[in-house]
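Chemist: Provided herewith: input.txt, compact mmCIF, C-alpha atoms.
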```txt
# COMPACT_ATOMS: atom_id res chain seq x y z
CA MET A 1087 111.84 111.95 133.39
CA THR A 1088 109.96 115.17 133.13
CA VAL A 1089 107.88 115.84 130.07
CA GLY A 1090 108.06 119.61 129.79
CA GLY A 1091 108.44 120.04 133.55
CA ASP A 1092 108.00 123.12 135.76
CA GLY A 1093 111.17 124.71 134.38
CA PRO A 1094 111.56 126.72 131.20
CA ASP A 1095 108.95 126.40 128.45
CA PHE A 1096 110.60 124.51 125.59
CA SER A 1097 107.44 124.26 123.47
CA SER A 1098 108.78 127.03 121.21
CA LEU A 1099 111.51 124.65 120.03
CA GLU A 1100 108.95 123.04 117.72
CA LEU A 1101 110.92 119.91 116.86
CA SER A 1102 109.36 117.80 114.13
CA ILE A 1103 110.02 115.00 111.69
CA ASP A 1104 108.46 115.50 108.26
CA GLN A 1105 106.91 112.94 105.88
CA ASN A 1106 110.35 112.09 104.45
CA GLY A 1107 112.01 111.54 107.83
CA ASN A 1108 113.79 114.91 107.91
CA TRP A 1109 114.22 116.64 111.26
CA ARG A 1110 112.98 120.24 111.47
CA HIS A 1111 113.24 123.04 114.02
CA GLN A 1112 110.47 125.63 113.71
CA GLY A 1113 109.90 124.40 110.15
CA VAL A 1114 113.55 124.70 109.07
CA GLU A 1115 115.30 121.46 108.12
CA ILE A 1116 118.13 120.41 110.44
CA THR A 1117 121.06 119.29 108.28
CA HIS A 1118 124.06 118.96 110.62
CA PRO A 1119 124.87 115.20 110.68
CA ARG A 1120 125.95 115.10 114.35
CA VAL A 1121 122.86 116.98 115.49
CA ILE A 1122 120.64 114.59 113.53
CA THR A 1123 122.50 111.60 115.03
CA MET A 1124 122.01 113.03 118.53
CA LEU A 1125 118.30 113.66 117.94
CA HIS A 1126 117.76 110.12 116.64
CA ALA A 1127 119.67 108.68 119.61
CA ALA A 1128 117.53 110.68 122.06
CA LEU A 1129 114.19 109.95 120.33
CA LYS A 1130 111.81 107.93 122.52
CA LYS A 1131 108.27 106.73 121.95
CA MET A 1132 106.12 107.27 125.02
CA GLY A 1133 102.44 106.43 124.80
CA ASP A 1134 101.14 107.76 121.49
CA GLY A 1135 103.82 110.44 121.18
CA TYR A 1136 107.49 110.90 120.43
CA PHE A 1137 109.96 112.85 122.55
CA VAL A 1138 113.63 113.81 122.51
CA CYS A 1139 114.85 112.92 126.00
CA ALA A 1140 118.15 114.00 127.54
CA GLU A 1141 119.33 114.80 131.06
CA GLY A 1142 115.92 114.12 132.61
CA LEU A 1143 113.98 116.37 130.25
CA CYS A 1144 111.75 115.19 127.40
CA LEU A 1145 110.71 117.54 124.62
CA PRO A 1146 107.80 116.70 122.32
CA VAL A 1147 108.45 115.93 118.65
CA GLN A 1148 105.66 116.28 116.09
CA VAL A 1149 105.88 113.36 113.65
CA ALA A 1150 104.12 113.76 110.30
CA ASP A 1151 103.95 110.03 109.55
CA CYS A 1152 106.65 107.77 110.99
CA PRO A 1153 109.82 108.88 112.77
CA PHE A 1154 111.95 106.61 110.59
CA VAL A 1155 112.13 105.85 106.89
CA VAL A 1156 113.40 102.50 105.62
CA MET A 1157 116.06 103.47 103.09
CA SER A 1158 117.02 99.98 101.88
CA VAL A 1159 116.35 96.31 102.55
CA ARG A 1160 118.78 93.38 102.77
CA HIS A 1161 117.62 89.77 102.54
CA GLU A 1162 120.08 87.73 104.64
CA ASP A 1163 119.81 84.07 105.74
CA GLY A 1164 116.17 84.07 106.80
CA VAL A 1165 116.24 87.65 108.11
CA VAL A 1166 115.26 90.90 106.44
CA ARG A 1167 117.43 93.81 107.60
CA LEU A 1168 116.20 97.37 107.25
CA LEU A 1169 118.54 100.34 106.87
CA LEU A 1170 116.74 103.14 108.67
CA SER A 1171 117.03 106.88 108.08
CA ASN A 1172 119.14 107.16 111.24
CA ALA A 1173 121.84 105.00 109.57
CA THR A 1174 121.16 101.98 111.78
CA TYR A 1175 119.98 98.51 110.81
CA ALA A 1176 116.95 96.85 112.34
CA PRO A 1177 115.56 93.38 111.66
CA LEU A 1178 112.10 93.39 110.12
CA ASN A 1179 109.45 91.93 112.38
CA PRO A 1180 107.14 90.71 109.60
CA GLU A 1181 104.20 90.49 112.01
CA THR A 1182 104.21 94.31 112.21
CA LEU A 1183 104.36 94.93 108.46
CA THR A 1184 101.24 96.62 107.06
CA ILE A 1185 100.29 98.23 103.75
CA ASP A 1186 98.07 101.32 103.67
CA ASP A 1187 95.48 102.36 101.07
CA ALA A 1188 98.17 104.24 99.11
CA ASN A 1189 100.27 101.03 98.94
CA VAL A 1190 102.84 102.40 101.42
CA PRO A 1191 104.29 99.77 103.74
CA ARG A 1192 105.07 100.49 107.38
CA CYS A 1193 106.42 98.45 110.26
CA VAL A 1194 107.53 98.71 113.85
CA ALA A 1195 111.24 99.48 113.67
CA ARG A 1196 112.33 99.45 117.31
CA ASP A 1197 111.51 97.68 120.55
CA ASP A 1198 109.86 100.85 121.92
CA GLY A 1199 107.25 100.68 119.14
CA ALA A 1200 108.67 103.45 116.94
CA THR A 1201 107.49 103.00 113.37
CA ALA A 1202 109.12 103.28 109.96
CA ARG A 1203 107.68 103.98 106.52
CA PHE A 1204 109.34 102.29 103.55
CA SER A 1205 110.86 104.49 100.84
CA ARG A 1206 109.95 103.48 97.30
CA PRO A 1207 113.39 101.85 96.64
CA ALA A 1208 113.18 99.91 99.92
CA TRP A 1209 109.64 98.76 99.08
CA MET A 1210 110.87 97.49 95.71
CA GLN A 1211 113.69 95.59 97.47
CA LEU A 1212 111.24 94.06 99.94
CA ALA A 1213 108.89 93.16 97.08
CA GLU A 1214 111.51 90.65 95.86
CA ALA A 1215 110.28 88.38 98.68
CA ILE A 1216 106.53 88.91 98.11
CA GLU A 1217 104.44 86.31 96.33
CA GLU A 1218 100.76 85.86 95.63
CA GLY A 1219 99.05 83.20 97.70
CA GLU A 1220 95.69 81.51 97.50
CA GLY A 1221 92.70 83.80 97.18
CA GLY A 1222 94.82 86.65 95.86
CA ARG A 1223 96.40 87.44 99.27
CA PHE A 1224 100.00 88.57 99.12
CA LEU A 1225 102.60 86.85 101.28
CA LEU A 1226 106.07 87.83 102.43
CA ARG A 1227 108.50 84.90 102.33
CA ILE A 1228 111.46 85.04 104.70
CA GLY A 1229 113.46 81.85 104.52
CA GLU A 1230 111.01 78.99 104.98
CA LYS A 1231 108.41 81.15 106.75
CA VAL A 1232 105.53 82.94 105.04
CA PHE A 1233 103.70 85.95 106.47
CA PRO A 1234 100.46 87.44 105.08
CA LEU A 1235 100.61 91.15 104.24
CA ARG A 1236 98.02 93.10 106.18
CA GLU A 1237 96.19 96.33 105.59
CA ALA A 1238 97.22 99.31 107.74
CA LYS A 1239 93.86 99.18 109.52
CA GLU A 1240 95.27 96.18 111.34
CA THR A 1241 97.60 96.77 114.26
CA LEU A 1242 101.36 97.40 114.08
CA THR A 1243 101.88 95.87 117.52
CA PRO A 1244 104.33 92.94 117.63
CA LYS A 1245 102.94 89.67 118.94
```
Mind turning the file's structure into structure tokens?

Modeler:
Amino acid sequence: MTVGGDGPDFSSLELSIDQNGNWRHQGVEITHPRVITMLHAALKKMGDGYFVCAEGLCLPVQVADCPFVVMSVRHEDGVVRLLLSNATYAPLNPETLTIDDANVPRCVARDDGATARFSRPAWMQLAEAIEEGEGGRFLLRIGEKVFPLREAKETLTPK
């Protein structure tokens, strides 16, 4: 796939995803549901950046924080399912869950490494499974397994 390519200059498209997970074109919010669905479907993480890729062309997307927002959390039979801002569900990989200095949790949401930031309601739903362990460390309990919560300085890469 060509990133940019030798063809037309598409940099003026200025696609972005804001702090709340809203798509924007040249600063104006994109609101058409089918366009948003198409953009999410075409979104790819490549290296440290995000791109919308279609028909052999990849256009850069500026991402303010994370390309996805976790809208809600379901605790189901030893699995935590995340409803993402693109209306899809993803299982939580607890090894990628981190908490930043502002107490905002993030995780890897897709196999390509794309990340998601938890909305406040989703964080409260996830908190139902958090308990305090020895030494004041907080732990996420999923079924019989327990995972320590980590600071965002630690990696979001799945093991």

Chemist: Go ahead and compute the interatomic distance for atom CA of A:Asn1179 and atom CA of A:Lys1130, in Å to one decimal.

Modeler: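 Taking atom CA of A:Asn1179 and atom CA of A:Lys1130, their separation equals 19.1 Å.
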
Chemist: Tell me, in Å to one decimal, how far atom CA of A:Leu1183 is from atom CA of A:Glu1162.

Modeler: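 Computing the Euclidean distance for atom CA of A:Leu1183 and atom CA of A:Glu1162 yields 17.7 Å.
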
Chemist: What gap, in Å, lies between atom CA of A:Asp1151 and atom CA of A:Gln1112?

Modeler: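 Calculated distance between atom CA of A:Asp1151 and atom CA of A:Gln1112 is 17.4 Å.
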
Chemist: Restricting the calculation to all atoms listed in the file, which member of A:Ile1228, A:Ala1200, A:Ala1188, A:Leu1170 is positioned closest to A:Met1132?

Modeler: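 Looking at the shortest contact to A:Met1132, the residue is A:Ala1200.
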
Chemist: Counting only C-alpha atoms, what is within 12 Å of A:Met1210, bar same-chain residues fewer than 3 positions away, as a list in words?

Modeler: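 Residues meeting the cut-off are Val1156, Met1157, Ser1158, Val1159, Arg1160, Asn1189, Val1190, Pro1191, Phe1204, Ser1205, Arg1206, Pro1207, Ala1213, Glu1214, Ala1215 and Ile1216 of chain A.
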
Chemist: Find the spatial neighbours of stretch 1120-1122 of chain A, counting all atoms listed in the file, within a cut-off of 9 Å - ignore same-chain residues fewer than 6 positions away - and output them as a ChimeraX atom specification.

Modeler: /A:1108-1109,1172

Chemist: For A:Ala1150, work out the shell of residues within 10 Å, counting all atoms listed in the file and skipping chain neighbours fewer than 6 positions away, then give it as number ranges by chain.

Modeler: A: 1102-1107

Chemist: May I have the protein, DNA and RNA residues with any atom at most 12 Å from the point (110.1, 97.4, 123.0), counting only C-alpha atoms, written as a PyMOL selection string?

Modeler: chain A and resi 1130-1133+1179+1194-1201+1243-1245
